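A quick write-up on the structure given underneath.
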Amino acid sequence: MTAFRSNALQKFRTPRVSEPPKARPLLNLNLKDQNYVDARMIKTGFDPNICRSNFLVKNFLKRGELSQARILFDQMPHKNTVSTNMMISSYVNSGNLYEARELLDTMLDRTAVTWTILIGGYSQANQYHEAFKLYAEMHRWGTKPDYVTFATLLSGCSDMETTKQVVQVHSHILKLGYHSTLMVCNSLLDSYCKSHRLDLACRLFKEMPERDNVTFNALITGYSKDGLNEEAINLFAQMQNLGYKPSEFTFAALLCAGIGLYDIAFGQQVHGFVVKTNFVWNVFVGNALLDFYSKHDCSVEVGKLFDEMPELDGISYNVIITSNVWDGHFKKSLDLFRELQLTKYDRKQFPYATMLSIASNTLNLNMGRQIHSQAIVATADSEIQVGNSLVDMYAKCGRFEEAKRIFARLADRSAVPWTAIISAYVQNGLHEEALELFNEMRRANVSPDQATFASILRASANLASLSLGKQLHSSVIRLGFASNVFAGSALLDMYAKCGSMKDALQTFQEMPKRNLVCWNALISAYAQNGDGEGTLRSFEQMVQSGFEPDSVSFLSVLTACSHCGLVQEGLQYFNSLNRNCKIVPKREHYASMVDMLCRSGRFNEAEKLMAQMPFEPDEIMWSSVLNSCKIHKNQELAERAADRLFNMVDLRDAAAYVNMSNIYAATGQWESVGKVKRAMRDRGVRKVTAYSWVEINHKTHVFTVKDTSHPQSGKIMRKIDELTKEMEKEGYKPDTSCALHNEDEEIKVESLKYHSERLAIVFALISTPEGSPIVVMKNLRACRDCHAAIKVMTKIVGREITVRDSSRFHHFRDGLCSCGDFW
């Protein structure tokens with residue numbers, strides 16, 4: 001394929017420079033000093049008053065004084081067609097199509113020029129349906145269109161909705177004998193290409209009696225936009241063989257084909273030919289080259305080309321700013337945007353959507369609002385892309401009311417803004433609200449796309465609603481997104497987070513195509529479910545399949561090693577990050593390593609690693625230290641970790657205070673417990689209530705500790721008492737050190753019995769068939785006593801019980817847990 005493109009490009013010839021045309025003598029007319037004479041006026045009787053008034057109206061319009069011109073126009077006792085055409089044209093140029101149409105409706109004598117001016121206005125405003133209606137009215141009026149009318153009308157055809165009208169206009173062109181007019185044929189060919197009817201475009205191309213470089217450019221562009229990139233290159237080679245000179249549009253279409261083929265060598269060859277033919281100075285071609293290199297991740301080439309371009313425009317800045325955003329170079333993008341603001345380019349065309357994406361990704365609400373203000377001033381906030389980006393930015397920054405307000409004003413509510421709000425709700429943990437929005441979207445008859453499903457499946461996963469996830473899976477299949485790698489990866493993740501590794505593996509095996517995202521989803525699924533062996537095995541299988549692991553792959557591996565006590569393996573993978581894979585460890589990689597070392601009681605190594613990090617330990621790391629100190633009873637380090645956490649300005653919740661209080665309570669230091677609780681109250685942080693939930697018959701049931709609010713509370717309590725007796729026969733003894741209150745031993749035992757996860761499990765036992773598996777979710781970490789109790793329960797009831805707490809999954813079966821009691 002590359003060899004063919006090289007051969008095609010070897011045929012490129014530098015066009016010969018033709019001699020400039022000889023100058024022709026101009027008529028000796030000075031329109032500034034005398035009234036101009038138009039042919040229409042001669043036909044209507046040479047009225048000097050109309051002539052003078054038209055001249056004055058024209059002068060007002062030249063100076064941009066449209067309102068003054070209209071006042072004078074309205075005062076004219078007699079008007080001719082030229083007078084009204086001038087006013088209609090001015091209204092069209094100012095974008096006021098309503099006034100232009102009002103004037104046309106008052107005219108009794110309408111020429112083809114009159115109709116064509118307003119048709120052109122509708123076409124430029126992308127109101128192609130109105131343009132075609134006006135053309136039909138022109139026919140009913142009895143005015144014969146000319147070749148300019150056809151070319152103007154067809155310029156507004158830009159999508160498949162216009163195909164039927166274009167075919168009808170084609171029949172009129174044939175009937176009126178304009179099928180041999182090159183300008184009309186080129187416009188018709190371009191319309192067929194833009195409406196994605198390349199079959200009709202190719203047939204017209206073959207039948208055209210005359211062609212020029214515009215003809216070839218239109219079809220080459222049509223091929224490249226429809227993904228027929230080989231055909232586009234073939235046609236370019238044919239164009240060269242026939243001696244037609246390429247223009248800036250030719251090179252832009254060729255580079256678009258190169259993007260579609262993802263062939264950087266071909267684009268570089270085109271670049272060389274651009275230099276050879278001296279088109280490198282052309283800003284339109286330069287922008288096409290910038291776009292080509294940016295979409296091939298050639299950031300160095302993009303920067304170099306931008307600096308060397310002899311002429312820049314707003315599009316040049318748009319492309320390079322967007323390229324830097326894709327590469328994560330947000331500061332460079334901001335600097336370039338500030339530079340763009342100092343130019344005189346059209347502010348309405350500034351990359352507001354791109355800049356808003358930076359605000360979204362960095363959760364920078366102040367920046368987002370500044371960009372929003374600038375978009376309003378430039379009247380760009382009504383643009384579809386900008387509107388969608390505003391919804392996304394405000395939603396991701398947690399300003400849902402503002403996001404909804406902008407969403408309500410959007411002219412085009414496609415799947416994009418719906419998905420933006422749904423995704424933001426999911427990212428902010430508002431999963432039920434996201435599901436309600438998704439249902440609202442369906443009621444509005446807006447079809448979700450793969451991005452919508454990826455977001456809503458995350459909500460289903462976080463709610464652990466397997467039944468909802470399966471419903472969504474069927475919708476994904478029905479709408480044809482099953483082969484999409486992102487939708488497939490979201491499905492895999494959903495099944496894994498709902499505790500169904502069997503369905504997760506089946507989803508992976510059924511994927512027709514797999515990329516790095518799919519493999520990462522599988523590796524993460526094993527890690528979440530506490531299967532260290534499966535995690536490492538799938539990681540090695542991915543590498544053997546030819547995929548290079550990224551930072552996400554390694555994070556899942558390190559998480560699995562941490563949860564499964566695979567310290568040596570974790571150290572090896574962490575050390576290979578920089579050495580073999582050239583990946584700079586991020587904060588989350590260090591956090592996993594700290595967690596792994598602390599879980600294993602290797603506190604000295606953990607502290608040494610934190611001291612060597614290129615950044616200060618954060619709340620997550622010190623919380624890992626504190627949690628492990630509680631397990632390994634390292635009170636000295638626990639106090640140091642707690643002190644670091646208590647002095648943090650932005651402490652997320654009361655977990656640090658609760659953990660330190662529990663450490664003191666476990667050793668009976670009740671005075672210290674009281675001090676910690678007072679400090680917690682003084683700071684105004686509150687303990688998060690522990691709750692568990694279970695899905696039964698498509699309904700979610702939520703329980704808190706000692707919860708008696710459930711309709712079947714009596715049955716649940718009786719079943720717990722009955723089960724506790726059987727557990728004691730099996731050797732279960734309550735671990736009262738987990739009941740961290742200064743109370744009698746009997747009260748402690750009673751409080752452990754009614755922890756939220758046990759209530760949820762027992763409710764599932766009395767509500768589902770014998771032998772069926774149970775999946776329960778908990779918002780906080782399960783205690784050691786519940787972990788021991790659930791192991792014994794599985795021996796008695798003969799069921800598999802899965803509990804997903806805040807750290808991972810615990811799969812209990814036959815008196816054992818998948819974590820191997822390392823947690």
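Please note that chains go A, B, ... in the order of the structure tokens, that every chain numbers its residues from 1, and that ligands are numbered from 1 in the order shown.
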
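Within the 12 Å cut-off around Asp503 in chain A, using only C-alpha atoms and omitting residues fewer than 3 positions from it on the same chain, the listed residues are Leu466, Gly469, Lys470, His473, Gly488, Leu491, Leu492, Asp493, Met494, Tyr495, Ala496, Lys497, Cys498, Gly499, Ser500, Gln506, Thr507, Phe508, Gln509, Glu510, Leu522 and Ala525 of chain A.
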
Review point. Can you list, as a VMD selection string, every protein, DNA or RNA residue that comes within 12 Å of Gly121 in chain A when you count only C-alpha atoms, leaving out same-chain residues fewer than 2 positions away?
Key: chain A and resid 88 to 101 114 to 119 123 to 128 130 to 132 134 149 152 to 153 155 to 156

Practice item. Compare A:Glu671, A:Asp313, A:Glu695, A:Glu339 by their minimum atom-to-atom distance to Ser460 in chain A, counting only C-alpha atoms, and give me the closest one. Key: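 Of A:Glu671, A:Asp313, A:Glu695, A:Glu339, the one nearest Ser460 in chain A is A:Glu695, counting only C-alpha atoms.
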
Review point. Which neighbours of Val775 in chain A fall inside 10 Å, counting only C-alpha atoms, when residues of the same chain fewer than 3 positions from it are skipped, and could you give them as a ChimeraX atom specification?
Key: /A:464-466,498-500,693-696,760-761,764,800-804,809-811

Output of the above residues as a PDB file, in the first residue's frame, restricted to C-alpha atoms:
```pdb
ATOM      1  CA  ALA A 464     -23.899  -3.360  42.149  1.00  0.00           C
ATOM      2  CA  SER A 465     -27.220  -3.804  40.363  1.00  0.00           C
ATOM      3  CA  LEU A 466     -26.623  -6.937  38.307  1.00  0.00           C
ATOM      4  CA  CYS A 498     -21.263  -6.807  40.618  1.00  0.00           C
ATOM      5  CA  GLY A 499     -19.184  -9.809  41.701  1.00  0.00           C
ATOM      6  CA  SER A 500     -19.940 -11.906  38.612  1.00  0.00           C
ATOM      7  CA  TRP A 693     -27.381  -3.202  50.587  1.00  0.00           C
ATOM      8  CA  VAL A 694     -28.567  -6.217  48.642  1.00  0.00           C
ATOM      9  CA  GLU A 695     -30.634  -6.508  45.458  1.00  0.00           C
ATOM     10  CA  ILE A 696     -33.624  -8.881  45.610  1.00  0.00           C
ATOM     11  CA  ALA A 760     -28.391  -7.864  54.491  1.00  0.00           C
ATOM     12  CA  ILE A 761     -27.075 -11.440  54.224  1.00  0.00           C
ATOM     13  CA  ALA A 764     -31.147 -12.499  51.317  1.00  0.00           C
ATOM     14  CA  GLU A 800     -21.546 -18.745  48.205  1.00  0.00           C
ATOM     15  CA  ILE A 801     -21.696 -15.305  49.812  1.00  0.00           C
ATOM     16  CA  THR A 802     -19.896 -12.377  48.186  1.00  0.00           C
ATOM     17  CA  VAL A 803     -19.312  -9.154  50.106  1.00  0.00           C
ATOM     18  CA  ARG A 804     -17.900  -6.100  48.386  1.00  0.00           C
ATOM     19  CA  PHE A 809     -14.498  -8.285  47.046  1.00  0.00           C
ATOM     20  CA  HIS A 810     -14.555 -11.144  49.532  1.00  0.00           C
ATOM     21  CA  HIS A 811     -15.866 -14.377  48.019  1.00  0.00           C
TER      22      HIS A 811
END
```

**Study point:** Shell of 9 Å around Ala459 in chain A, only C-alpha atoms, local chain residues under 5 positions omitted, as a VMD selection string
**Key:** chain A and resid 423 425 to 427 429 to 432 434 to 435 464 to 465 494

Practice item. Give me, please, the distance in Å between CA of Ala252 in chain A and CA of Ile320 in chain A, quoted to one decimal. Key: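 Between CA of Ala252 in chain A and CA of Ile320 in chain A the gap works out to 16.8 Å.
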
Exercise for review: Mind giving me the straight-line distance from CA of Phe812 in chain A to CA of Ile790 in chain A in Å, one decimal?
Suggested key: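 Separating CA of Phe812 in chain A from CA of Ile790 in chain A is a distance of 7.2 Å.
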
Exercise for review: Write out as JSON, numbers by chain the residues lying within 12 Å of Lys687 in chain A, counting only C-alpha atoms and excluding same-chain residues fewer than 3 positions away.
Suggested key: {"A": [652, 653, 654, 655, 656, 657, 658, 659, 661, 677, 680, 681, 683, 684, 690, 780]}

Can you write out the residues you just picked, keeping N, CA, C and O atoms, as a PDB file, in the first residue's frame?
```
ATOM      1  N   ARG A 652     -10.900  14.693  54.012  1.00  0.00           N
ATOM      2  CA  ARG A 652     -12.159  14.332  53.359  1.00  0.00           C
ATOM      3  C   ARG A 652     -13.267  13.976  54.338  1.00  0.00           C
ATOM      4  O   ARG A 652     -14.411  14.376  54.186  1.00  0.00           O
ATOM      5  N   ASP A 653     -12.959  13.161  55.351  1.00  0.00           N
ATOM      6  CA  ASP A 653     -13.994  12.718  56.290  1.00  0.00           C
ATOM      7  C   ASP A 653     -13.364  12.407  57.643  1.00  0.00           C
ATOM      8  O   ASP A 653     -12.199  12.718  57.890  1.00  0.00           O
ATOM      9  N   ALA A 654     -14.163  11.762  58.472  1.00  0.00           N
ATOM     10  CA  ALA A 654     -13.720  11.507  59.850  1.00  0.00           C
ATOM     11  C   ALA A 654     -12.982  10.186  60.007  1.00  0.00           C
ATOM     12  O   ALA A 654     -12.711   9.765  61.145  1.00  0.00           O
ATOM     13  N   ALA A 655     -12.648   9.494  58.923  1.00  0.00           N
ATOM     14  CA  ALA A 655     -12.052   8.154  58.990  1.00  0.00           C
ATOM     15  C   ALA A 655     -10.793   8.125  59.854  1.00  0.00           C
ATOM     16  O   ALA A 655     -10.592   7.188  60.644  1.00  0.00           O
ATOM     17  N   ALA A 656      -9.936   9.135  59.727  1.00  0.00           N
ATOM     18  CA  ALA A 656      -8.687   9.156  60.495  1.00  0.00           C
ATOM     19  C   ALA A 656      -8.979   9.226  61.995  1.00  0.00           C
ATOM     20  O   ALA A 656      -8.350   8.526  62.818  1.00  0.00           O
ATOM     21  N   TYR A 657      -9.941  10.081  62.386  1.00  0.00           N
ATOM     22  CA  TYR A 657     -10.307  10.197  63.798  1.00  0.00           C
ATOM     23  C   TYR A 657     -10.916   8.892  64.310  1.00  0.00           C
ATOM     24  O   TYR A 657     -10.615   8.446  65.420  1.00  0.00           O
ATOM     25  N   VAL A 658     -11.776   8.284  63.492  1.00  0.00           N
ATOM     26  CA  VAL A 658     -12.437   7.036  63.895  1.00  0.00           C
ATOM     27  C   VAL A 658     -11.412   5.927  64.089  1.00  0.00           C
ATOM     28  O   VAL A 658     -11.441   5.181  65.073  1.00  0.00           O
ATOM     29  N   ASN A 659     -10.477   5.807  63.130  1.00  0.00           N
ATOM     30  CA  ASN A 659      -9.453   4.759  63.224  1.00  0.00           C
ATOM     31  C   ASN A 659      -8.570   4.936  64.462  1.00  0.00           C
ATOM     32  O   ASN A 659      -8.246   3.964  65.155  1.00  0.00           O
ATOM     33  N   SER A 661      -9.349   6.542  67.172  1.00  0.00           N
ATOM     34  CA  SER A 661     -10.211   6.274  68.328  1.00  0.00           C
ATOM     35  C   SER A 661     -10.326   4.769  68.565  1.00  0.00           C
ATOM     36  O   SER A 661     -10.263   4.295  69.706  1.00  0.00           O
ATOM     37  N   LYS A 677     -12.351  12.034  70.050  1.00  0.00           N
ATOM     38  CA  LYS A 677     -13.738  12.346  69.673  1.00  0.00           C
ATOM     39  C   LYS A 677     -14.047  13.823  69.849  1.00  0.00           C
ATOM     40  O   LYS A 677     -14.784  14.417  69.054  1.00  0.00           O
ATOM     41  N   MET A 680     -12.535  15.647  67.005  1.00  0.00           N
ATOM     42  CA  MET A 680     -13.347  15.431  65.810  1.00  0.00           C
ATOM     43  C   MET A 680     -14.566  16.366  65.811  1.00  0.00           C
ATOM     44  O   MET A 680     -14.887  16.985  64.798  1.00  0.00           O
ATOM     45  N   ARG A 681     -15.200  16.496  66.963  1.00  0.00           N
ATOM     46  CA  ARG A 681     -16.365  17.392  67.065  1.00  0.00           C
ATOM     47  C   ARG A 681     -15.950  18.841  66.850  1.00  0.00           C
ATOM     48  O   ARG A 681     -16.642  19.604  66.174  1.00  0.00           O
ATOM     49  N   ARG A 683     -13.564  19.987  65.100  1.00  0.00           N
ATOM     50  CA  ARG A 683     -13.261  20.257  63.675  1.00  0.00           C
ATOM     51  C   ARG A 683     -14.526  20.222  62.819  1.00  0.00           C
ATOM     52  O   ARG A 683     -14.522  20.699  61.680  1.00  0.00           O
ATOM     53  N   GLY A 684     -15.584  19.643  63.350  1.00  0.00           N
ATOM     54  CA  GLY A 684     -16.849  19.622  62.616  1.00  0.00           C
ATOM     55  C   GLY A 684     -16.973  18.493  61.609  1.00  0.00           C
ATOM     56  O   GLY A 684     -17.827  18.566  60.709  1.00  0.00           O
ATOM     57  N   ALA A 690     -22.214   3.495  58.549  1.00  0.00           N
ATOM     58  CA  ALA A 690     -21.993   2.245  57.814  1.00  0.00           C
ATOM     59  C   ALA A 690     -23.341   1.690  57.360  1.00  0.00           C
ATOM     60  O   ALA A 690     -24.296   1.660  58.147  1.00  0.00           O
ATOM     61  N   LEU A 780     -18.402   0.786  53.799  1.00  0.00           N
ATOM     62  CA  LEU A 780     -17.154   0.848  54.557  1.00  0.00           C
ATOM     63  C   LEU A 780     -16.502  -0.538  54.607  1.00  0.00           C
ATOM     64  O   LEU A 780     -17.053  -1.508  54.092  1.00  0.00           O
TER      65      LEU A 780
END
```

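Take the candidates A:Leu577, A:Glu137, A:Arg781, A:Leu410 and check each one against Asn627 in chain A using only C-alpha atoms; the shortest distance goes to A:Arg781.
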
Review point. Can you tell me how far CA of Val688 in chain A sits from CA of Ile631 in chain A, in Å to one decimal?
Key: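 CA of Ile631 in chain A lies at a distance of 20.4 Å from CA of Val688 in chain A.
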
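Taking only C-alpha atoms, the non-local environment of range 701-718 of chain A within 6 Å (same-chain residues fewer than 4 positions away omitted) comprises Tyr691, Ser692, Trp693, Val694, Tyr754, His755, Ser756 and Phe763 of chain A.
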
Exercise for review: Tell me which protein, DNA and RNA residues are within 8 Å of range 224-229 of chain A, counting only C-alpha atoms, leaving out same-chain ones fewer than 5 positions away, and put them as a PyMOL selection string.
Suggested key: chain A and resi 196+253-254+256-258+260-261

Export, as a short mmCIF file (atom, residue, chain, number, x, y, z; two decimals), in the first residue's frame, the selected residues with all heavy atoms.
```cif
data_model
loop_
_atom_site.label_atom_id
_atom_site.label_comp_id
_atom_site.auth_asym_id
_atom_site.auth_seq_id
_atom_site.Cartn_x
_atom_site.Cartn_y
_atom_site.Cartn_z
N HIS A 196 -23.32 12.53 0.94
CA HIS A 196 -22.84 11.14 1.03
C HIS A 196 -23.49 10.22 -0.01
O HIS A 196 -23.73 9.05 0.25
CB HIS A 196 -23.07 10.59 2.44
CG HIS A 196 -22.40 11.39 3.51
ND1 HIS A 196 -21.05 11.33 3.76
CD2 HIS A 196 -22.91 12.32 4.37
CE1 HIS A 196 -20.75 12.18 4.75
NE2 HIS A 196 -21.86 12.78 5.12
N ALA A 253 -7.65 17.75 0.98
CA ALA A 253 -8.36 16.48 0.84
C ALA A 253 -7.40 15.30 0.91
O ALA A 253 -7.71 14.26 1.52
CB ALA A 253 -9.12 16.46 -0.49
N LEU A 254 -6.22 15.43 0.31
CA LEU A 254 -5.22 14.36 0.36
C LEU A 254 -4.76 14.10 1.79
O LEU A 254 -4.61 12.95 2.20
CB LEU A 254 -4.00 14.75 -0.49
CG LEU A 254 -3.97 14.30 -1.94
CD1 LEU A 254 -2.68 14.75 -2.58
CD2 LEU A 254 -4.14 12.80 -2.07
N CYS A 256 -6.43 14.70 4.46
CA CYS A 256 -7.56 14.08 5.16
C CYS A 256 -7.56 12.58 4.90
O CYS A 256 -7.80 11.78 5.82
CB CYS A 256 -8.87 14.71 4.68
SG CYS A 256 -10.34 14.06 5.49
N ALA A 257 -7.26 12.17 3.65
CA ALA A 257 -7.17 10.74 3.32
C ALA A 257 -6.02 10.11 4.10
O ALA A 257 -6.13 8.97 4.58
CB ALA A 257 -6.96 10.57 1.82
N GLY A 258 -4.91 10.83 4.24
CA GLY A 258 -3.77 10.32 5.00
C GLY A 258 -4.10 10.10 6.46
O GLY A 258 -3.65 9.14 7.09
N GLY A 260 -7.10 9.33 7.56
CA GLY A 260 -7.95 8.14 7.58
C GLY A 260 -7.16 6.85 7.47
O GLY A 260 -7.54 5.82 8.03
N LEU A 261 -6.05 6.88 6.74
CA LEU A 261 -5.22 5.68 6.58
C LEU A 261 -4.23 5.50 7.72
O LEU A 261 -3.60 4.46 7.83
CB LEU A 261 -4.42 5.78 5.26
CG LEU A 261 -5.25 5.65 3.97
CD1 LEU A 261 -4.41 6.08 2.79
CD2 LEU A 261 -5.74 4.23 3.80
#
```

Practice item. Among the residues of range 464-576 of chain A, find those DSSP assigns to helix (DSSP H, G or I) from the backbone and print them as JSON, numbers by chain. Key: {"A": [466, 467, 468, 469, 470, 471, 472, 473, 474, 475, 476, 477, 478, 485, 486, 487, 488, 489, 490, 491, 492, 493, 494, 495, 496, 497, 501, 502, 503, 504, 505, 506, 507, 508, 509, 516, 517, 518, 519, 520, 521, 522, 523, 524, 525, 526, 527, 528, 532, 533, 534, 535, 536, 537, 538, 539, 540, 541, 542, 543, 544, 551, 552, 553, 554, 555, 556, 557, 558, 559, 560, 561, 562, 563, 564, 567, 568, 569, 570, 571, 572, 573, 574, 575, 576]}

**Study point:** Nearest-residue call for Gly601 in chain A, choices A:Lys733, A:Phe822, A:Gln370, A:Leu468, using only C-alpha atoms
**Key:**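 Using only C-alpha atoms, the shortest distance to Gly601 in chain A belongs to A:Phe822.
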
Review point. For Lys778 in chain A, which residue among A:Pro351, A:Phe284, A:Val594, A:Arg808 is the nearest when counting only C-alpha atoms?
Key: A:Arg808

Check your understanding: Using only C-alpha atoms, which residue out of A:Glu102, A:Glu436, A:Glu301, A:Glu533 lies closest to Trp418 in chain A?
Key ->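 Looking at the shortest contact to Trp418 in chain A, the residue is A:Glu436.
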